[in-house]
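Working notes, beginning with the structure itself.
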Amino acid sequence: MRLLSVNLGVPKAVDYTDAPSGTTGIAKRPAEGPVKVTAPGPKGLGGSGLAGDAVCDLRHHGGNDQAVYAFAREDLDDWERELGREFANGDFGENLTTAGVDVSGAKIGERWRIGSGLVLEVTSGRIPCRTFASRLGERGWVKRFTRRAAPGAYLRVVEPGEIKAGDVIEIVHRPDHEVTVSFQFRSATTERELLPRVLAAGPALHAEALANAREYVARYGS
């Protein structure tokens, strides 16, 4: 399991984002050298966990529970075959393009060690948005991406460090519950009846996902 590339975005003005700035950093490209990764701070105040990576809409992106976004090269390759077009590392807005890692099969609370001391913890799946859909220009993209239920993973920073392309990825902790990234994503989108079971992941869950699951249980029971 290894890191193929570390991808950073720069602000770009586009007509398809509703960010107040009118810009997006979703189009990310591989960095040439090591990149420092730290916890960015609470959502709404902190952006990306990666130095030099732009987050242009702090209302919906960035913050400690979404400090880093990882997507598997294998999933990019699957989309290439299905859509008949090529995708470079970073084209899905991911910070980390991985090889040999079942990213959407990772469990909430799973911890990865990468590079010089960096430890990340899986928090949730990525919910597709209008900016992502418009960036790709594929008709019905949000529904199509949602049906696949392989959204890639958001991660928080447990221990800061520096990473670069080629670094080994080691799983140093894997929780004993059923809640994978794909499971959590389905509970938030197409299979909300799964929400009570998502609570098994506990406080490792993205804070908003945890609150949504608790609200569902309070309203409908377990």
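Chain labels follow the order of the structure tokens: the first chain is A, the next B, and so on; residue numbering restarts at 1 in every chain, and ligands are counted from 1 in their shown order.
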>> Need to verify the contact set: range 69-83 of chain A, 7 Å, only C-alpha atoms, exclusion of same-chain residues closer than 2 positions in sequence. Can you return it as a PyMOL selection string?
In response: chain A and resi 66-67+85-87+94-99+101+103+152-155
Residue neighbourhood range 167-182 of chain A, 8 Å, only C-alpha atoms, exclusion window fewer than 2 positions, as an mmCIF file with N, CA, C and O atoms, in the first residue's frame:
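File produced: selection_17.cif:
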```cif
data_model
loop_
_atom_site.group_PDB
_atom_site.id
_atom_site.type_symbol
_atom_site.label_atom_id
_atom_site.label_comp_id
_atom_site.auth_asym_id
_atom_site.auth_seq_id
_atom_site.Cartn_x
_atom_site.Cartn_y
_atom_site.Cartn_z
ATOM 1 N N MET A 1 0.861 -1.183 0.000
ATOM 2 C CA MET A 1 0.000 0.000 0.000
ATOM 3 C C MET A 1 0.892 1.226 0.000
ATOM 4 O O MET A 1 1.796 1.358 0.826
ATOM 5 N N ARG A 2 0.628 2.127 -0.929
ATOM 6 C CA ARG A 2 1.495 3.300 -1.019
ATOM 7 C C ARG A 2 0.741 4.509 -1.536
ATOM 8 O O ARG A 2 -0.370 4.401 -2.064
ATOM 9 N N LEU A 3 1.411 5.636 -1.387
ATOM 10 C CA LEU A 3 0.866 6.918 -1.819
ATOM 11 C C LEU A 3 1.407 7.230 -3.212
ATOM 12 O O LEU A 3 2.614 7.375 -3.397
ATOM 13 N N LEU A 4 0.531 7.306 -4.196
ATOM 14 C CA LEU A 4 0.970 7.608 -5.560
ATOM 15 C C LEU A 4 1.281 9.085 -5.734
ATOM 16 O O LEU A 4 2.242 9.448 -6.408
ATOM 17 N N VAL A 103 -9.896 2.158 -0.030
ATOM 18 C CA VAL A 103 -10.227 3.390 0.694
ATOM 19 C C VAL A 103 -11.684 3.385 1.157
ATOM 20 O O VAL A 103 -11.980 3.683 2.316
ATOM 21 N N SER A 104 -12.601 3.057 0.268
ATOM 22 C CA SER A 104 -14.016 3.078 0.650
ATOM 23 C C SER A 104 -14.391 1.891 1.528
ATOM 24 O O SER A 104 -15.450 1.887 2.157
ATOM 25 N N GLY A 105 -13.516 0.894 1.591
ATOM 26 C CA GLY A 105 -13.713 -0.230 2.491
ATOM 27 C C GLY A 105 -13.045 -0.031 3.841
ATOM 28 O O GLY A 105 -13.154 -0.894 4.719
ATOM 29 N N ALA A 106 -12.363 1.097 4.005
ATOM 30 C CA ALA A 106 -11.743 1.404 5.294
ATOM 31 C C ALA A 106 -12.831 1.634 6.335
ATOM 32 O O ALA A 106 -13.918 2.125 6.025
ATOM 33 N N LYS A 107 -12.538 1.295 7.582
ATOM 34 C CA LYS A 107 -13.521 1.476 8.644
ATOM 35 C C LYS A 107 -13.388 2.862 9.280
ATOM 36 O O LYS A 107 -12.280 3.411 9.373
ATOM 37 N N ILE A 108 -14.516 3.417 9.668
ATOM 38 C CA ILE A 108 -14.494 4.677 10.402
ATOM 39 C C ILE A 108 -13.675 4.456 11.682
ATOM 40 O O ILE A 108 -13.920 3.508 12.433
ATOM 41 N N GLY A 109 -12.702 5.332 11.915
ATOM 42 C CA GLY A 109 -11.806 5.164 13.049
ATOM 43 C C GLY A 109 -10.524 4.420 12.710
ATOM 44 O O GLY A 109 -9.613 4.347 13.542
ATOM 45 N N GLU A 110 -10.436 3.881 11.505
ATOM 46 C CA GLU A 110 -9.201 3.239 11.049
ATOM 47 C C GLU A 110 -8.091 4.284 10.964
ATOM 48 O O GLU A 110 -8.328 5.423 10.553
ATOM 49 N N ARG A 111 -6.885 3.882 11.352
ATOM 50 C CA ARG A 111 -5.772 4.831 11.342
ATOM 51 C C ARG A 111 -4.676 4.380 10.383
ATOM 52 O O ARG A 111 -4.319 3.195 10.363
ATOM 53 N N TRP A 112 -4.168 5.355 9.623
ATOM 54 C CA TRP A 112 -3.104 5.099 8.659
ATOM 55 C C TRP A 112 -1.867 5.889 9.055
ATOM 56 O O TRP A 112 -1.955 7.065 9.397
ATOM 57 N N ARG A 113 -0.699 5.235 8.982
ATOM 58 C CA ARG A 113 0.569 5.940 9.152
ATOM 59 C C ARG A 113 1.205 6.107 7.770
ATOM 60 O O ARG A 113 1.334 5.145 7.014
ATOM 61 N N ILE A 114 1.584 7.340 7.462
ATOM 62 C CA ILE A 114 2.162 7.648 6.154
ATOM 63 C C ILE A 114 3.372 8.555 6.358
ATOM 64 O O ILE A 114 3.300 9.554 7.090
ATOM 65 N N GLY A 115 4.481 8.232 5.697
ATOM 66 C CA GLY A 115 5.626 9.143 5.704
ATOM 67 C C GLY A 115 6.255 9.322 7.064
ATOM 68 O O GLY A 115 6.289 8.409 7.894
ATOM 69 N N VAL A 122 -9.710 7.814 9.678
ATOM 70 C CA VAL A 122 -10.855 7.863 8.760
ATOM 71 C C VAL A 122 -12.097 8.347 9.514
ATOM 72 O O VAL A 122 -12.411 7.848 10.592
ATOM 73 N N THR A 123 -12.810 9.343 8.923
ATOM 74 C CA THR A 123 -13.972 9.922 9.595
ATOM 75 C C THR A 123 -15.289 9.715 8.854
ATOM 76 O O THR A 123 -16.348 9.618 9.482
ATOM 77 N N SER A 124 -15.272 9.682 7.511
ATOM 78 C CA SER A 124 -16.526 9.596 6.753
ATOM 79 C C SER A 124 -16.229 9.481 5.268
ATOM 80 O O SER A 124 -15.077 9.615 4.835
ATOM 81 N N GLY A 125 -17.295 9.272 4.493
ATOM 82 C CA GLY A 125 -17.194 9.340 3.049
ATOM 83 C C GLY A 125 -17.448 10.748 2.553
ATOM 84 O O GLY A 125 -17.980 11.589 3.278
ATOM 85 N N ALA A 149 -21.292 4.144 -4.462
ATOM 86 C CA ALA A 149 -20.993 4.034 -3.020
ATOM 87 C C ALA A 149 -19.522 3.726 -2.757
ATOM 88 O O ALA A 149 -19.188 2.972 -1.837
ATOM 89 N N ALA A 150 -18.668 4.319 -3.570
ATOM 90 C CA ALA A 150 -17.219 4.231 -3.350
ATOM 91 C C ALA A 150 -16.682 5.663 -3.355
ATOM 92 O O ALA A 150 -16.005 6.087 -4.291
ATOM 93 N N PRO A 151 -17.001 6.426 -2.297
ATOM 94 C CA PRO A 151 -16.803 7.872 -2.339
ATOM 95 C C PRO A 151 -15.419 8.363 -1.965
ATOM 96 O O PRO A 151 -15.145 9.554 -2.037
ATOM 97 N N GLY A 152 -14.531 7.468 -1.558
ATOM 98 C CA GLY A 152 -13.270 7.923 -0.983
ATOM 99 C C GLY A 152 -13.502 8.379 0.451
ATOM 100 O O GLY A 152 -14.643 8.476 0.912
ATOM 101 N N ALA A 153 -12.413 8.648 1.154
ATOM 102 C CA ALA A 153 -12.504 8.883 2.597
ATOM 103 C C ALA A 153 -11.971 10.247 3.006
ATOM 104 O O ALA A 153 -10.921 10.682 2.536
ATOM 105 N N ILE A 163 4.577 14.225 4.111
ATOM 106 C CA ILE A 163 4.378 13.097 3.212
ATOM 107 C C ILE A 163 4.784 13.473 1.806
ATOM 108 O O ILE A 163 4.835 14.658 1.442
ATOM 109 N N LYS A 164 5.045 12.448 0.990
ATOM 110 C CA LYS A 164 5.409 12.666 -0.412
ATOM 111 C C LYS A 164 5.014 11.433 -1.221
ATOM 112 O O LYS A 164 4.756 10.351 -0.657
ATOM 113 N N ALA A 165 4.977 11.598 -2.517
ATOM 114 C CA ALA A 165 4.670 10.478 -3.406
ATOM 115 C C ALA A 165 5.646 9.336 -3.154
ATOM 116 O O ALA A 165 6.847 9.560 -2.986
ATOM 117 N N GLN A 184 -21.104 3.980 5.815
ATOM 118 C CA GLN A 184 -21.496 5.296 6.333
ATOM 119 C C GLN A 184 -22.073 6.169 5.219
ATOM 120 O O GLN A 184 -23.075 6.873 5.414
ATOM 121 N N PHE A 185 -21.471 6.119 4.048
ATOM 122 C CA PHE A 185 -21.947 6.904 2.909
ATOM 123 C C PHE A 185 -23.367 6.487 2.520
ATOM 124 O O PHE A 185 -24.236 7.332 2.293
ATOM 125 N N ARG A 186 -23.610 5.190 2.452
ATOM 126 C CA ARG A 186 -24.949 4.707 2.101
ATOM 127 C C ARG A 186 -25.974 5.130 3.152
ATOM 128 O O ARG A 186 -27.116 5.467 2.817
ATOM 129 N N ARG A 197 -27.059 1.875 13.017
ATOM 130 C CA ARG A 197 -25.876 1.008 13.079
ATOM 131 C C ARG A 197 -24.585 1.796 12.934
ATOM 132 O O ARG A 197 -23.524 1.355 13.403
ATOM 133 N N VAL A 198 -24.660 2.967 12.305
ATOM 134 C CA VAL A 198 -23.475 3.813 12.154
ATOM 135 C C VAL A 198 -22.945 4.269 13.515
ATOM 136 O O VAL A 198 -21.743 4.515 13.680
ATOM 137 N N ALA A 200 -22.216 2.703 15.959
ATOM 138 C CA ALA A 200 -21.196 1.793 16.485
ATOM 139 C C ALA A 200 -19.788 2.343 16.287
ATOM 140 O O ALA A 200 -18.857 1.957 17.003
ATOM 141 N N ALA A 201 -19.628 3.253 15.333
ATOM 142 C CA ALA A 201 -18.311 3.845 15.080
ATOM 143 C C ALA A 201 -17.935 4.870 16.140
ATOM 144 O O ALA A 201 -16.763 5.249 16.256
#
```
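Comparing A:Phe145, A:Asn64, A:Ala133, A:Ile127 by their smallest distance to Ser187 in chain A, the closest is A:Ile127 (using only C-alpha atoms).
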>> I'd like the neighbourhood of Asn212 in chain A as number ranges by chain, where a residue qualifies if any of its atoms comes within 12 Å (using only C-alpha atoms), though same-chain residues fewer than 2 positions away should be ignored.
In response: A: 184, 187-189, 192, 194-196, 198-199, 205-210, 214-219
> Which neighbours of Ile26 in chain A fall inside 8 Å, counting only C-alpha atoms, when residues of the same chain fewer than 5 positions from it are skipped, and could you give them as a list in words?
Replying inline: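 Near Ile26 in chain A, the qualifying residues are Gly9, Asp91, Phe92, Gly93, Thr131 and Phe132 of chain A.
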> What is the distance between CA of Asp57 in chain A and CA of Cys129 in chain A, in Å to one decimal?
Replying inline: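 Here the two named atoms are 12.0 Å from each other.
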> So which residues touch Val35 in chain A within 9 Å, counting only C-alpha atoms, skipping near sequence neighbours fewer than 4 positions away, as a list in words?
Replying inline: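 Using only C-alpha atoms, the neighbours found are Val6, Ala31, Leu50, Ala51, Gly52, Gly161, Glu162, Ile163 and Lys164 of chain A.
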>> Please determine, counting only C-alpha atoms, which residue among A:Ala13, A:Ala88, A:Val119, A:Val157 has the shortest atom-to-atom distance to Ser48 in chain A.
In response: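 Of A:Ala13, A:Ala88, A:Val119, A:Val157, the one nearest Ser48 in chain A, counting only C-alpha atoms, is A:Val157.
Shortest atom-to-atom contact with Arg135 in chain A among A:Ala19, A:Ser5, A:Ala27, A:His61: A:Ala27, counting only C-alpha atoms.
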